[in-house]
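K.L.:
Enclosed is the structure file run.txt (compact mmCIF, C-alpha atoms).
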# COMPACT_ATOMS: atom_id res chain seq x y z
CA MET A 908 -32.94 -62.34 -47.82
CA ILE A 909 -33.64 -64.19 -51.05
CA VAL A 910 -37.04 -65.90 -51.28
CA ARG A 911 -37.54 -68.78 -53.69
CA LEU A 912 -40.88 -68.96 -55.52
CA ASP A 913 -42.16 -72.47 -56.22
CA SER A 914 -45.68 -71.85 -57.53
CA PRO A 915 -47.12 -69.85 -60.44
CA ASP A 916 -49.73 -68.62 -57.99
CA SER A 917 -47.15 -66.98 -55.71
CA PRO A 918 -48.47 -63.52 -54.78
CA GLU A 919 -44.97 -62.11 -55.18
CA ALA A 920 -45.09 -62.91 -58.91
CA ARG A 921 -48.36 -61.03 -59.48
CA MET A 922 -46.67 -57.67 -60.04
CA TYR A 923 -44.43 -59.15 -62.74
CA PHE A 924 -46.78 -61.42 -64.66
CA ARG A 925 -50.43 -60.99 -63.65
CA LEU A 926 -50.99 -57.24 -64.04
CA THR A 927 -51.72 -55.68 -67.41
CA GLU A 928 -49.67 -52.74 -68.64
CA ALA A 929 -52.63 -50.45 -67.90
CA GLN A 930 -52.78 -51.76 -64.33
CA LEU A 931 -49.05 -51.25 -63.94
CA ARG A 932 -49.37 -47.66 -65.17
CA ASN A 933 -52.30 -47.07 -62.81
CA ARG A 934 -53.99 -44.46 -64.99
CA LEU A 935 -56.17 -43.15 -62.16
CA GLU A 936 -53.19 -42.46 -59.91
CA PRO A 937 -50.08 -42.27 -62.13
CA GLU A 938 -47.85 -41.40 -59.18
CA LYS A 939 -48.53 -44.90 -57.83
CA GLY A 940 -47.77 -46.66 -61.12
CA ILE A 941 -44.83 -48.94 -61.66
CA PHE A 942 -42.79 -50.23 -64.57
CA ILE A 943 -40.88 -53.48 -65.02
CA ALA A 944 -37.23 -53.27 -66.03
CA GLU A 945 -35.77 -56.36 -67.70
CA SER A 946 -32.08 -57.37 -67.81
CA PRO A 947 -29.24 -56.27 -65.52
CA LYS A 948 -28.19 -53.62 -68.07
CA VAL A 949 -31.55 -51.84 -68.04
CA ILE A 950 -31.93 -52.21 -64.27
CA ARG A 951 -28.44 -50.77 -63.75
CA THR A 952 -29.24 -47.83 -66.04
CA ALA A 953 -32.43 -47.16 -64.09
CA MET A 954 -30.61 -47.28 -60.76
CA ASN A 955 -27.97 -44.89 -62.08
CA GLU A 956 -30.82 -42.50 -62.92
CA GLY A 957 -32.07 -42.66 -59.33
CA PHE A 958 -34.70 -45.40 -59.60
CA MET A 959 -34.52 -47.95 -56.80
CA PRO A 960 -36.21 -51.35 -57.25
CA LEU A 961 -39.34 -52.11 -55.23
CA SER A 962 -38.35 -55.76 -55.64
CA VAL A 963 -36.24 -57.98 -57.89
CA LEU A 964 -36.99 -61.34 -59.48
CA TYR A 965 -34.30 -63.45 -61.12
CA ASP A 966 -33.75 -66.83 -62.72
CA GLU A 967 -31.85 -69.05 -60.30
CA ASN A 968 -30.28 -70.85 -63.27
CA GLY A 969 -29.58 -67.92 -65.54
CA THR A 970 -27.84 -65.15 -63.63
CA ASP A 971 -24.47 -63.78 -64.70
CA ASN A 972 -21.87 -61.71 -62.88
CA ALA A 973 -23.66 -58.46 -63.70
CA ALA A 974 -26.87 -59.76 -62.12
CA ARG A 975 -25.11 -61.12 -59.05
CA ASP A 976 -23.21 -57.86 -58.53
CA LEU A 977 -26.42 -55.88 -58.82
CA ILE A 978 -28.23 -58.06 -56.28
CA ALA A 979 -25.32 -57.76 -53.86
CA GLU A 980 -25.58 -53.95 -53.99
CA LEU A 981 -29.29 -53.76 -53.15
CA PRO A 982 -30.29 -52.48 -49.70
CA ASP A 983 -31.38 -55.26 -47.36
CA GLU A 984 -34.97 -54.04 -47.21
CA ILE A 985 -35.60 -54.62 -50.94
CA PRO A 986 -37.25 -58.03 -51.51
CA VAL A 987 -35.35 -60.36 -53.81
CA TYR A 988 -37.17 -63.33 -55.32
CA THR A 989 -35.84 -66.21 -57.36
CA ALA A 990 -37.45 -69.02 -59.33
CA SER A 991 -36.51 -71.78 -61.72
CA THR A 992 -36.13 -71.16 -65.44
CA GLU A 993 -39.14 -73.41 -66.06
CA LEU A 994 -41.41 -71.52 -63.67
CA LEU A 995 -40.40 -68.14 -65.03
CA ARG A 996 -40.99 -69.32 -68.60
CA GLU A 997 -44.42 -70.62 -67.55
CA LEU A 998 -45.27 -67.30 -65.91
CA ALA A 999 -43.91 -65.04 -68.64
CA GLY A 1000 -44.69 -67.18 -71.67
CA PHE A 1001 -41.17 -66.60 -73.00
CA GLN A 1002 -37.52 -66.76 -71.94
CA LEU A 1003 -36.51 -63.75 -69.85
CA THR A 1004 -33.71 -61.60 -71.23
CA ARG A 1005 -30.68 -62.48 -69.10
CA GLY A 1006 -33.06 -63.79 -66.46
CA MET A 1007 -33.73 -60.73 -64.33
CA LEU A 1008 -36.60 -58.32 -63.65
CA ALA A 1009 -37.06 -55.39 -61.30
CA ALA A 1010 -40.23 -53.51 -60.40
CA MET A 1011 -39.73 -49.76 -60.04
CA ARG A 1012 -41.88 -46.71 -59.39
CA ARG A 1013 -42.79 -44.78 -62.53
CA PRO A 1014 -41.26 -41.31 -62.87
CA LEU A 1015 -43.32 -38.14 -62.89
CA LEU A 1016 -43.19 -36.72 -66.41
CA PRO A 1017 -41.70 -33.25 -66.92
CA ASP A 1018 -43.84 -30.25 -67.73
CA LEU A 1019 -44.17 -29.41 -71.40
CA THR A 1020 -42.56 -26.00 -70.81
CA LEU A 1021 -39.20 -27.74 -70.30
CA PHE A 1022 -39.17 -28.69 -73.98
CA GLY A 1023 -39.48 -25.08 -75.07
CA GLU A 1024 -35.88 -24.60 -73.94
CA MET A 1025 -34.60 -27.39 -76.21
CA LYS A 1026 -33.07 -27.16 -79.68
CA ARG A 1027 -33.66 -30.61 -81.18
CA ILE A 1028 -36.62 -32.84 -80.36
CA VAL A 1029 -38.47 -35.82 -81.84
CA VAL A 1030 -42.27 -35.82 -81.98
CA LEU A 1031 -44.06 -39.17 -82.28
CA GLU A 1032 -47.64 -39.53 -83.52
CA ARG A 1033 -49.48 -42.85 -83.06
CA ILE A 1034 -46.36 -45.05 -82.77
CA ALA A 1035 -47.93 -48.31 -81.63
CA ASP A 1036 -45.16 -50.90 -81.78
CA ALA A 1037 -43.15 -51.26 -78.55
CA THR A 1038 -40.00 -52.35 -80.39
CA ASN A 1039 -40.10 -49.30 -82.65
CA MET A 1040 -40.74 -47.05 -79.68
CA GLY A 1041 -37.72 -48.41 -77.84
CA ALA A 1042 -35.49 -48.17 -80.90
CA ILE A 1043 -36.50 -44.55 -81.53
CA PHE A 1044 -35.69 -43.62 -77.93
CA ARG A 1045 -32.31 -45.32 -78.15
CA SER A 1046 -31.42 -43.54 -81.40
CA ALA A 1047 -32.65 -40.16 -80.18
CA ALA A 1048 -30.61 -40.43 -76.99
CA ALA A 1049 -27.49 -41.75 -78.73
CA LEU A 1050 -27.57 -39.12 -81.47
CA GLY A 1051 -27.94 -36.14 -79.17
CA MET A 1052 -31.61 -35.18 -79.37
CA ASP A 1053 -32.75 -33.12 -76.40
CA GLY A 1054 -36.15 -34.69 -75.81
CA ILE A 1055 -39.12 -36.62 -77.18
CA LEU A 1056 -42.79 -35.66 -77.25
CA LEU A 1057 -45.59 -38.19 -77.79
CA THR A 1058 -49.26 -38.03 -78.70
CA HIS A 1059 -51.48 -39.88 -76.24
CA ASP A 1060 -52.22 -42.67 -78.73
CA CYS A 1061 -48.57 -43.77 -78.76
CA SER A 1062 -47.30 -46.93 -77.10
CA ASP A 1063 -45.96 -46.45 -73.57
CA PRO A 1064 -42.14 -46.04 -73.65
CA LEU A 1065 -41.89 -47.75 -70.25
CA ILE A 1066 -43.57 -51.04 -71.06
CA ARG A 1067 -41.10 -53.86 -70.56
CA ARG A 1068 -40.23 -54.63 -74.19
CA SER A 1069 -39.91 -50.98 -75.18
CA LEU A 1070 -37.71 -50.17 -72.22
CA ARG A 1071 -35.50 -53.18 -72.93
CA VAL A 1072 -35.07 -52.26 -76.61
CA SER A 1073 -34.27 -48.67 -75.63
CA MET A 1074 -31.55 -50.02 -73.30
CA GLY A 1075 -33.02 -47.87 -70.55
CA THR A 1076 -32.68 -44.58 -72.45
CA ALA A 1077 -36.40 -43.92 -71.91
CA LEU A 1078 -35.30 -43.18 -68.33
CA GLN A 1079 -32.53 -40.84 -69.47
CA ILE A 1080 -33.85 -38.62 -72.26
CA PRO A 1081 -36.70 -36.27 -71.21
CA TRP A 1082 -40.12 -37.11 -72.64
CA THR A 1083 -43.76 -36.35 -72.03
CA TYR A 1084 -47.17 -36.32 -73.72
CA LEU A 1085 -48.56 -33.59 -75.95
CA PRO A 1086 -51.95 -31.88 -75.65
CA SER A 1087 -54.59 -32.69 -78.26
CA GLU A 1088 -53.87 -29.57 -80.33
CA TRP A 1089 -50.11 -29.78 -80.27
CA LEU A 1090 -48.74 -28.33 -83.50
CA PRO A 1091 -49.58 -24.70 -82.59
CA VAL A 1092 -47.89 -25.27 -79.23
CA LEU A 1093 -44.65 -26.34 -80.91
CA HIS A 1094 -44.77 -23.37 -83.27
CA GLU A 1095 -45.34 -21.00 -80.35
CA MET A 1096 -42.23 -22.50 -78.75
CA GLY A 1097 -40.29 -21.51 -81.85
CA PHE A 1098 -39.77 -24.94 -83.42
CA THR A 1099 -39.56 -25.54 -87.13
CA THR A 1100 -41.67 -28.69 -87.51
CA ALA A 1101 -40.42 -31.16 -90.12
CA ALA A 1102 -42.87 -33.93 -91.05
CA MET A 1103 -41.22 -37.14 -92.24
CA ALA A 1104 -43.65 -38.22 -94.98
CA LEU A 1105 -43.93 -39.32 -98.60
CA THR A 1106 -45.78 -36.57 -100.46
CA ASP A 1107 -45.41 -34.64 -103.69
CA LYS A 1108 -44.15 -31.70 -101.63
CA SER A 1109 -41.52 -33.63 -99.69
CA VAL A 1110 -37.96 -32.34 -99.96
CA SER A 1111 -35.06 -34.78 -99.98
CA LEU A 1112 -33.29 -35.17 -96.64
CA GLU A 1113 -29.69 -34.11 -97.19
CA LYS A 1114 -26.87 -33.13 -94.83
CA ASP A 1115 -27.81 -29.44 -95.05
CA THR A 1116 -31.62 -29.81 -95.03
CA PHE A 1117 -31.87 -28.61 -91.44
CA GLY A 1118 -28.93 -26.23 -91.64
CA GLY A 1119 -29.40 -22.90 -89.90
CA MET A 1120 -32.50 -23.98 -87.99
CA ASP A 1121 -32.20 -22.89 -84.38
CA LYS A 1122 -35.00 -25.13 -83.08
CA LEU A 1123 -36.14 -28.25 -84.91
CA ALA A 1124 -38.91 -30.79 -84.20
CA ILE A 1125 -38.69 -33.97 -86.31
CA VAL A 1126 -42.22 -35.39 -86.56
CA MET A 1127 -42.62 -39.15 -87.13
CA GLY A 1128 -45.85 -41.05 -87.75
CA SER A 1129 -47.32 -44.50 -87.22
CA GLU A 1130 -45.88 -47.67 -88.71
CA GLY A 1131 -48.70 -48.34 -91.14
CA ASP A 1132 -50.27 -45.04 -92.15
CA GLY A 1133 -47.55 -42.57 -91.24
CA LEU A 1134 -48.51 -39.08 -90.16
CA SER A 1135 -52.07 -37.88 -90.41
CA PRO A 1136 -52.84 -35.55 -93.35
CA ALA A 1137 -53.65 -32.76 -90.89
CA THR A 1138 -50.25 -33.08 -89.24
CA ILE A 1139 -48.41 -33.07 -92.57
CA GLU A 1140 -50.36 -30.02 -93.69
CA GLY A 1141 -49.70 -28.23 -90.41
CA CYS A 1142 -45.92 -28.79 -90.29
CA ARG A 1143 -43.59 -26.13 -91.63
CA MET A 1144 -41.87 -28.55 -94.02
CA THR A 1145 -42.17 -32.14 -95.25
CA VAL A 1146 -39.08 -34.30 -95.67
CA ARG A 1147 -38.35 -37.71 -97.16
CA ILE A 1148 -35.23 -39.88 -97.06
CA PRO A 1149 -33.94 -40.56 -100.61
CA MET A 1150 -34.31 -44.26 -101.48
CA ARG A 1151 -32.83 -46.65 -104.03
CA CYS A 1152 -33.67 -50.10 -105.47
CA GLY A 1153 -37.37 -49.29 -105.66
CA VAL A 1154 -37.78 -49.08 -101.87
CA ASP A 1155 -40.18 -46.30 -100.96
CA SER A 1156 -39.40 -45.89 -97.25
CA LEU A 1157 -37.62 -47.19 -94.16
CA ASN A 1158 -39.09 -48.61 -90.99
CA VAL A 1159 -40.03 -45.69 -88.72
CA ALA A 1160 -37.30 -46.52 -86.19
CA ALA A 1161 -34.61 -46.61 -88.90
CA ALA A 1162 -35.96 -43.40 -90.44
CA ALA A 1163 -35.88 -41.69 -87.04
CA ALA A 1164 -32.23 -42.65 -86.61
CA VAL A 1165 -31.31 -41.21 -90.02
CA ALA A 1166 -33.22 -37.99 -89.37
CA CYS A 1167 -31.72 -37.54 -85.89
CA PHE A 1168 -28.21 -38.02 -87.28
CA ILE A 1169 -28.75 -35.50 -90.11
CA SER A 1170 -30.27 -32.95 -87.73
CA ARG A 1171 -27.13 -32.63 -85.58
For this file, write the structure as structure tokens.
P.N.:
Amino acid sequence: MIVRLDSPDSPEARMYFRLTEAQLRNRLEPEKGIFIAESPKVIRTAMNEGFMPLSVLYDENGTDNAARDLIAELPDEIPVYTASTELLRELAGFQLTRGMLAAMRRPLLPDLTLFGEMKRIVVLERIADATNMGAIFRSAAALGMDGILLTHDCSDPLIRRSLRVSMGTALQIPWTYLPSEWLPVLHEMGFTTAAMALTDKSVSLEKDTFGGMDKLAIVMGSEGDGLSPATIEGCRMTVRIPMRCGVDSLNVAAAAAVACFISR
């Protein structure tokens, strides 16, 4: 059954537009948290990974064949809501990407010990921008990295914009959060930690920079300040991408893509 929403005060819309990201995550009881997937592509990716929608909301004027096919495949017990383009724009404050949202239960994150078995990982420190976070996940997944580790002051990879930019790969590549003192943990796991930073000690990133390294952790820092001095000092090596035309560095998402490609 498809239910049409006619009011911005509809209780069914609360989950999609009235809850903050912190409320959606439900920090006190993470196992009860949810995330919002946007666009048929991301929703389909999530479903292929075993995530079933709690409900779906779509634009009655903006659905395409992919959205209609997805709705037709949903079990009958999953609520499906629809609304006009104007109402959805009023609720969201912007035009929905391909006019479709789905609420899903957040996954339980894997134990950190799983990452000790990996060969190539990305470590993110204080990445705040959701678009950068999503782009890094997409690049890491596409270029064959085994997993991603985040400090707790990073942006949530499952917020709607980040998940959309990642094209759902944040539900495919393993990731979890690091403890407060994380560098010694990575070294105990056998990783060579490579800080991506502009310092006098940085070596140029070339095709053989990571050659012969059995286990590598590429460490990326925040958009504005980069990695903390303590992190740079604690990593086994510091690496920079060679630049031309007077440009000193790339955006962190672009730099992550380059480093992931070179590390293969």
K.L.:
Please determine, counting all atoms listed in the file, which residue among A:Lys948, A:Arg996, A:Lys1026, A:Arg1071 has the shortest atom-to-atom distance to Ala973 in chain A.
P.N.:
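Smallest separation from Ala973 in chain A among the options: A:Lys948.
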K.L.:
Take CA of Leu926 in chain A and CA of Pro982 in chain A and report the distance between them in Å, one decimal.
P.N.:
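Separating CA of Leu926 in chain A from CA of Pro982 in chain A is a distance of 25.6 Å.
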K.L.:
With distances taken over only C-alpha atoms, which of A:Ile985, A:Val910, A:Leu1019, A:Cys1152 is nearest to Asp966 in chain A?
P.N.:
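For Asp966 in chain A, the nearest of the candidates is A:Val910.
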K.L.:
Which one of A:Met1011, A:Glu1095, A:Arg1067, A:Ser1109 sits closest to Glu956 in chain A if you count all atoms listed in the file?
P.N.:
A:Met1011
K.L.:
Counting all atoms listed in the file, which of A:Asn1158, A:Thr927, A:Thr1106, A:Ser1046 gets nearest to Gly1131 in chain A?
P.N.:
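Going through A:Asn1158, A:Thr927, A:Thr1106, A:Ser1046 one by one, the smallest distance to Gly1131 in chain A is for A:Asn1158.
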K.L.:
For a test of reading the model, state the distance in Å between CA of Ala1035 in chain A and CA of Arg1171 in chain A, rounded to one decimal.
P.N.:
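CA of Arg1171 in chain A lies at a distance of 26.3 Å from CA of Ala1035 in chain A.
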K.L.:
Can you tell me which residues surround Tyr1084 in chain A at a distance of at most 8 Å, considering only C-alpha atoms, apart from same-chain residues fewer than 6 positions away, and format the answer as a PyMOL selection string?
P.N.:
chain A and resi 1019+1056-1059
K.L.:
Under the rule that only C-alpha atoms are counted, which of A:Arg1033, A:Arg1045, A:Arg921, A:Arg951 is the nearest residue to Met1007 in chain A?
P.N.:
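Residue with the minimum atom-to-atom distance to Met1007 in chain A: A:Arg951.
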K.L.:
Between CA of Thr1099 in chain A and CA of Ala1049 in chain A, what is the distance, to one decimal in Å?
P.N.:
21.9 Å
K.L.:
From the options A:Cys1167, A:Ala1160, A:Ile1066, A:Val1072, which residue's atoms come nearest to Arg932 in chain A, counting all atoms listed in the file?
P.N.:
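Checking each candidate against Arg932 in chain A, we get A:Ile1066 as the closest.
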K.L.:
Write out as an MDAnalysis selection string each polymer residue whose atoms come within 12 Å of Leu961 in chain A, counting only C-alpha atoms; drop sequence neighbours fewer than 5 positions from it.
P.N.:
chainID A and resid 919 922:923 939:944 950 954 981:988 1008:1013
K.L.:
Find the residues around Ala974 in chain A up to 9 Å (all atoms listed in the file counted), leave out those fewer than 5 positions away in its own chain, and share them as an NGL selection string.
P.N.:
:A and (946-948 or 965 or 979 or 1005-1007)
K.L.:
Do you know which residues are at most 12 Å from range 1134-1151 of chain A counting all atoms listed in the file, after dropping those on the same chain fewer than 3 positions away, and could you put them as a ChimeraX atom specification?
P.N.:
/A:1030-1034,1058,1087-1094,1097-1114,1116-1117,1120,1123-1131,1154-1159,1161-1167,1169-1170
K.L.:
Give, as JSON, the centre coordinates and the x, y and z edge lengths in Å to one decimal for an axis-aligned box around all listed atoms of range 1056-1068 of chain A, padded by 6 Å on each side.
P.N.:
{"center_x": -46.2, "center_y": -45.1, "center_z": -74.5, "size_x": 24.0, "size_y": 31.0, "size_z": 20.5}
